[in-house]
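K.L.:
Here's a structure for you.
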Amino acid sequence: MDTVNALQALVNSVTHHAWKLKTLECYQGGMNRFLAFCSSNNIPLSFPSPEWPICAFAAHRAGSCSGSAIANDVAGLHAWHIANGFPWLGGTCLKYVLHSAVRLTPDSSKRPPRPPVTSEMLNSLHSSLDASVSLRACILACANSVFWGQGRLGEFLSTSQAHFSPKLFPTPACLRSTSSGKSLMCRLPWTKVSKEKGEDVFLGRQLGPSDPISSLLAHLAASPDILVSPASSHLFAYSRGAGGRLVSLTKRKFLLVCNSVWAAQGLPHISGHCFHIGGTIELLLHNVPPHIVKVMGRWSSDSFLCYWHNLEHIAHFMQSSWSSSELPRFLCLLSVFSHPPSHTAAIPCFSAVPPAEPFGVARDPFQNGSPNIITKIAQTIHG
């Protein structure tokens with residue numbers, strides 16, 4: 001019997017590692033709301049919980065908050081049962097209640113379309129932030145990398161300095177040159193879709209100040225201590241204080257600085273997901289074939305096509321930050337995708353879109369016999 005109890009305790013301990021700490025913290029809120037609901041309605045608690053109290057809990061909240069918020073709370077209950085060795089009794093009835101909760105989502109809980117980040121917004125960051133200051137160089141390198149790599153900000157930056165781990169976030173050792181020697185690949189050790197398998201992000205050379213390659217080099221030059229331990233230091237850490245102590249850049253710090261710059265210029269407040277959206281739209285505007293954009297952005301087909309459906313809704317966010325030469329290209333793109341196809345194989349080509357600036361080709365900033373920037377980064381990282 002002792003052996004069985006010990007093995008059950010081992011199973012419970014290992015199972016807790018199925019969720020990230022931040023996810024468990026959110027799930028705890030759902031569990032607390034369920035307990036409060038049962039207490040206020042004199043519903044006796046028993047575990048595993050029967051399906052009907054969970055259905056009642058979800059139905060009670062339907063119409064007062066978003067269906068996704070209710071589904072997250074139920075997911076927290078489900079996780080709690082699994083983590084504590086209880087079977088989950090949620091079934092068909094709960095499925096229908098959750099589906100109905102989505103349809104009953106009030107307008108007050110519906111988010112407006114997120115404004116995408118644009119390359120002009122990145123250029124404004126460069127004109128406002130001094131790249132010789134380690135924090136600002138780090139922010140510029142991160143912004144350019146996430147944008148042009150169509151990244152999810154949470155795969156590059158942690159929510160707190162204490163949460164950084166080289167198993168979850170990129171280090172300098174995750175950078176490698178492409179076969180052409182003109183661009184970089186960044187290995188993300190953990191991603192939203194692939195989890196611990198990780199994925200590669202392509203960072204192509206760009207014209208103008210938002211080139212991710214140049215900004216990464218400037219960042220490494222401003223915080224050289226990152227390279228002392230390239231396999232364990234956060235790629236987006238920066239030196240702080242007289243001793244040069246390395247501090248991991250967090251999502252909150254990053255967005256705070258970016259939004260303070262853009263707010264002063266009358267630009268909309270952005271969230272981390274706005275970089276993923278903006279990078280995708282920017283590449284489409286540069287005539288990159290849609291199937292290439294999809295692969296580079298690691299999009300699933302449904303979510304990828306969703307942003308084509310919403311192009312007309314986000315157009316007004318972008319007009320204020322676009323140059324006059326880019327607006328006609330967007331309007332052409334919008335006309336091509338005014339009735340997006342149901343399957344990516346039927347996606348039309350971009351022949352109707354006016355020629356754009358060449359994508360992925362930029363003048364090497366190291367001229368007159370100076371070393372190639374990619375080579376310099378590789379030499380810096382690998383000694």
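Residues in the structure tokens are named by chain (A, B, ... in the order shown) and by number from 1 within that chain; ligands are numbered from 1 in the order shown.
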So which residues touch stretch 151-158 of chain A within 8 Å, counting only C-alpha atoms, skipping near sequence neighbours fewer than 6 positions away, as a list of chain:residue names?
P.N.:
A:Cys142, A:Ser145, A:Phe164, A:Leu168, A:Phe169, A:Pro170, A:Leu188, A:Trp190, A:Thr191, A:Lys192, A:Val201, A:Phe236, A:Leu249, A:Thr250, A:Lys251, A:Gly272, A:His273, A:Phe275, A:His276, A:Gly297
K.L.:
I'd like the contact shell of stretch 111-125 of chain A - 6 Å cut-off, only C-alpha atoms, skipping same-chain residues fewer than 3 positions apart - returned as a PyMOL selection string.
P.N.:
chain A and resi 128-129+274-275+277-278+317
K.L.:
Could you pull out the residues in stretch 46-151 of chain A that DSSP calls alpha helix (DSSP H) from the backbone, as a PyMOL selection string?
P.N.:
chain A and resi 51-61+67-83+92-103+119-128+134-148
K.L.:
Keeping C-alpha atoms for every residue in the selection just given, could you write it to a file as a PDB file, in the first residue's frame?
P.N.:
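Result file follows (out_3.pdb):
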ATOM      1  CA  GLU A  51     -20.968  17.673 -14.200  1.00  0.00           C
ATOM      2  CA  TRP A  52     -24.027  19.664 -13.182  1.00  0.00           C
ATOM      3  CA  PRO A  53     -22.325  22.047 -10.658  1.00  0.00           C
ATOM      4  CA  ILE A  54     -19.715  22.862 -13.310  1.00  0.00           C
ATOM      5  CA  CYS A  55     -22.459  23.461 -15.885  1.00  0.00           C
ATOM      6  CA  ALA A  56     -24.314  25.646 -13.392  1.00  0.00           C
ATOM      7  CA  PHE A  57     -21.127  27.614 -12.680  1.00  0.00           C
ATOM      8  CA  ALA A  58     -20.540  28.232 -16.402  1.00  0.00           C
ATOM      9  CA  ALA A  59     -24.215  29.057 -17.083  1.00  0.00           C
ATOM     10  CA  HIS A  60     -24.294  31.489 -14.144  1.00  0.00           C
ATOM     11  CA  ARG A  61     -21.489  33.536 -15.713  1.00  0.00           C
ATOM     12  CA  GLY A  67     -17.084  32.804 -23.386  1.00  0.00           C
ATOM     13  CA  SER A  68     -13.310  32.409 -23.450  1.00  0.00           C
ATOM     14  CA  ALA A  69     -13.036  33.611 -19.841  1.00  0.00           C
ATOM     15  CA  ILE A  70     -15.610  31.008 -18.771  1.00  0.00           C
ATOM     16  CA  ALA A  71     -13.840  28.310 -20.778  1.00  0.00           C
ATOM     17  CA  ASN A  72     -10.542  29.227 -19.075  1.00  0.00           C
ATOM     18  CA  ASP A  73     -12.136  28.861 -15.639  1.00  0.00           C
ATOM     19  CA  VAL A  74     -13.493  25.434 -16.590  1.00  0.00           C
ATOM     20  CA  ALA A  75     -10.074  24.494 -17.960  1.00  0.00           C
ATOM     21  CA  GLY A  76      -8.677  25.413 -14.549  1.00  0.00           C
ATOM     22  CA  LEU A  77     -11.153  23.074 -12.867  1.00  0.00           C
ATOM     23  CA  HIS A  78     -10.223  20.328 -15.309  1.00  0.00           C
ATOM     24  CA  ALA A  79      -6.504  20.836 -14.622  1.00  0.00           C
ATOM     25  CA  TRP A  80      -7.081  20.784 -10.862  1.00  0.00           C
ATOM     26  CA  HIS A  81      -8.849  17.415 -11.148  1.00  0.00           C
ATOM     27  CA  ILE A  82      -6.053  15.931 -13.241  1.00  0.00           C
ATOM     28  CA  ALA A  83      -3.303  17.330 -11.008  1.00  0.00           C
ATOM     29  CA  THR A  92     -21.669  16.655 -23.526  1.00  0.00           C
ATOM     30  CA  CYS A  93     -23.834  18.989 -21.459  1.00  0.00           C
ATOM     31  CA  LEU A  94     -20.826  21.059 -20.377  1.00  0.00           C
ATOM     32  CA  LYS A  95     -19.640  21.242 -23.979  1.00  0.00           C
ATOM     33  CA  TYR A  96     -22.939  22.775 -25.072  1.00  0.00           C
ATOM     34  CA  VAL A  97     -23.031  25.215 -22.147  1.00  0.00           C
ATOM     35  CA  LEU A  98     -19.550  26.474 -23.043  1.00  0.00           C
ATOM     36  CA  HIS A  99     -20.517  26.796 -26.694  1.00  0.00           C
ATOM     37  CA  SER A 100     -23.580  28.827 -25.694  1.00  0.00           C
ATOM     38  CA  ALA A 101     -21.476  31.022 -23.412  1.00  0.00           C
ATOM     39  CA  VAL A 102     -19.418  32.083 -26.427  1.00  0.00           C
ATOM     40  CA  ARG A 103     -22.541  33.107 -28.313  1.00  0.00           C
ATOM     41  CA  SER A 119       7.725  49.323 -39.771  1.00  0.00           C
ATOM     42  CA  GLU A 120       7.212  53.076 -39.416  1.00  0.00           C
ATOM     43  CA  MET A 121       6.488  52.576 -35.731  1.00  0.00           C
ATOM     44  CA  LEU A 122       9.762  50.670 -35.424  1.00  0.00           C
ATOM     45  CA  ASN A 123      11.556  53.522 -37.177  1.00  0.00           C
ATOM     46  CA  SER A 124      10.065  55.961 -34.668  1.00  0.00           C
ATOM     47  CA  LEU A 125      11.460  53.814 -31.858  1.00  0.00           C
ATOM     48  CA  HIS A 126      14.916  54.077 -33.404  1.00  0.00           C
ATOM     49  CA  SER A 127      14.648  57.845 -33.716  1.00  0.00           C
ATOM     50  CA  SER A 128      13.529  58.148 -30.076  1.00  0.00           C
ATOM     51  CA  SER A 134      22.034  49.070 -23.030  1.00  0.00           C
ATOM     52  CA  LEU A 135      18.324  48.936 -22.102  1.00  0.00           C
ATOM     53  CA  ARG A 136      17.267  50.856 -25.182  1.00  0.00           C
ATOM     54  CA  ALA A 137      19.499  48.830 -27.494  1.00  0.00           C
ATOM     55  CA  CYS A 138      17.957  45.678 -26.032  1.00  0.00           C
ATOM     56  CA  ILE A 139      14.426  46.979 -26.627  1.00  0.00           C
ATOM     57  CA  LEU A 140      15.227  47.915 -30.234  1.00  0.00           C
ATOM     58  CA  ALA A 141      16.783  44.508 -30.957  1.00  0.00           C
ATOM     59  CA  CYS A 142      13.807  42.711 -29.438  1.00  0.00           C
ATOM     60  CA  ALA A 143      11.228  44.843 -31.253  1.00  0.00           C
ATOM     61  CA  ASN A 144      12.890  44.306 -34.636  1.00  0.00           C
ATOM     62  CA  SER A 145      13.396  40.583 -34.071  1.00  0.00           C
ATOM     63  CA  VAL A 146       9.837  39.885 -32.914  1.00  0.00           C
ATOM     64  CA  PHE A 147       8.327  42.008 -35.696  1.00  0.00           C
ATOM     65  CA  TRP A 148      10.316  40.710 -38.678  1.00  0.00           C
TER      66      TRP A 148
END
K.L.:
Determine, counting only C-alpha atoms, which protein, DNA and RNA residues have an atom within 12 Å of an atom of A:Arg245; residues of the same chain fewer than 3 positions away are not included. Present the result as a list in words.
P.N.:
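Here the answer would be Ser134, Leu135, Ser223, Pro224, Asp225, Ile226, Ser233, Ala237, Tyr238, Ser239, Arg240, Gly241, Ala242 and Ser248 of chain A.
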K.L.:
Between A:Val257, A:Leu283, A:Leu220, A:Ile213, single out the one closest to A:Val295, counting only C-alpha atoms.
P.N.:
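Among A:Val257, A:Leu283, A:Leu220, A:Ile213, it is A:Leu283 that comes nearest to A:Val295.
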K.L.:
In stretch 141-246 of chain A, what's strand (DSSP E) per DSSP? Answer as a ChimeraX atom specification?
P.N.:
/A:175-177,184-188,199-203,237-240,245-246
K.L.:
For each of A:Ser66, A:Arg252, A:Arg33, A:Ser46, take the minimum atom-to-atom distance to A:Leu89, counting only C-alpha atoms, then give the residue where this is smallest.
P.N.:
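Among the listed residues, the smallest separation from A:Leu89 belongs to A:Ser46.
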K.L.:
Between atom CA of A:Arg176 and atom CA of A:Thr159, what is the distance in Å, rounded to a tenth?
P.N.:
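We find that atom CA of A:Arg176 and atom CA of A:Thr159 lie 25.8 Å from each other.
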K.L.:
If you measure from atom CA of A:Leu7 to atom CA of A:Phe86, what distance in Å do you get, rounded to one decimal?
P.N.:
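Going from atom CA of A:Leu7 over to atom CA of A:Phe86, I get 15.1 Å.
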K.L.:
Would you please work out which residue, of A:Phe202, A:Thr23, A:Thr178, A:Ser232, is nearest to A:Val293 when using only C-alpha atoms?
P.N.:
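The closest residue to A:Val293 is A:Phe202.
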K.L.:
Report, in Å to a single decimal, how far apart atom CA of A:Leu216 and atom CA of A:Met185 are.
P.N.:
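Separation of atom CA of A:Met185 and atom CA of A:Leu216: 12.3 Å.
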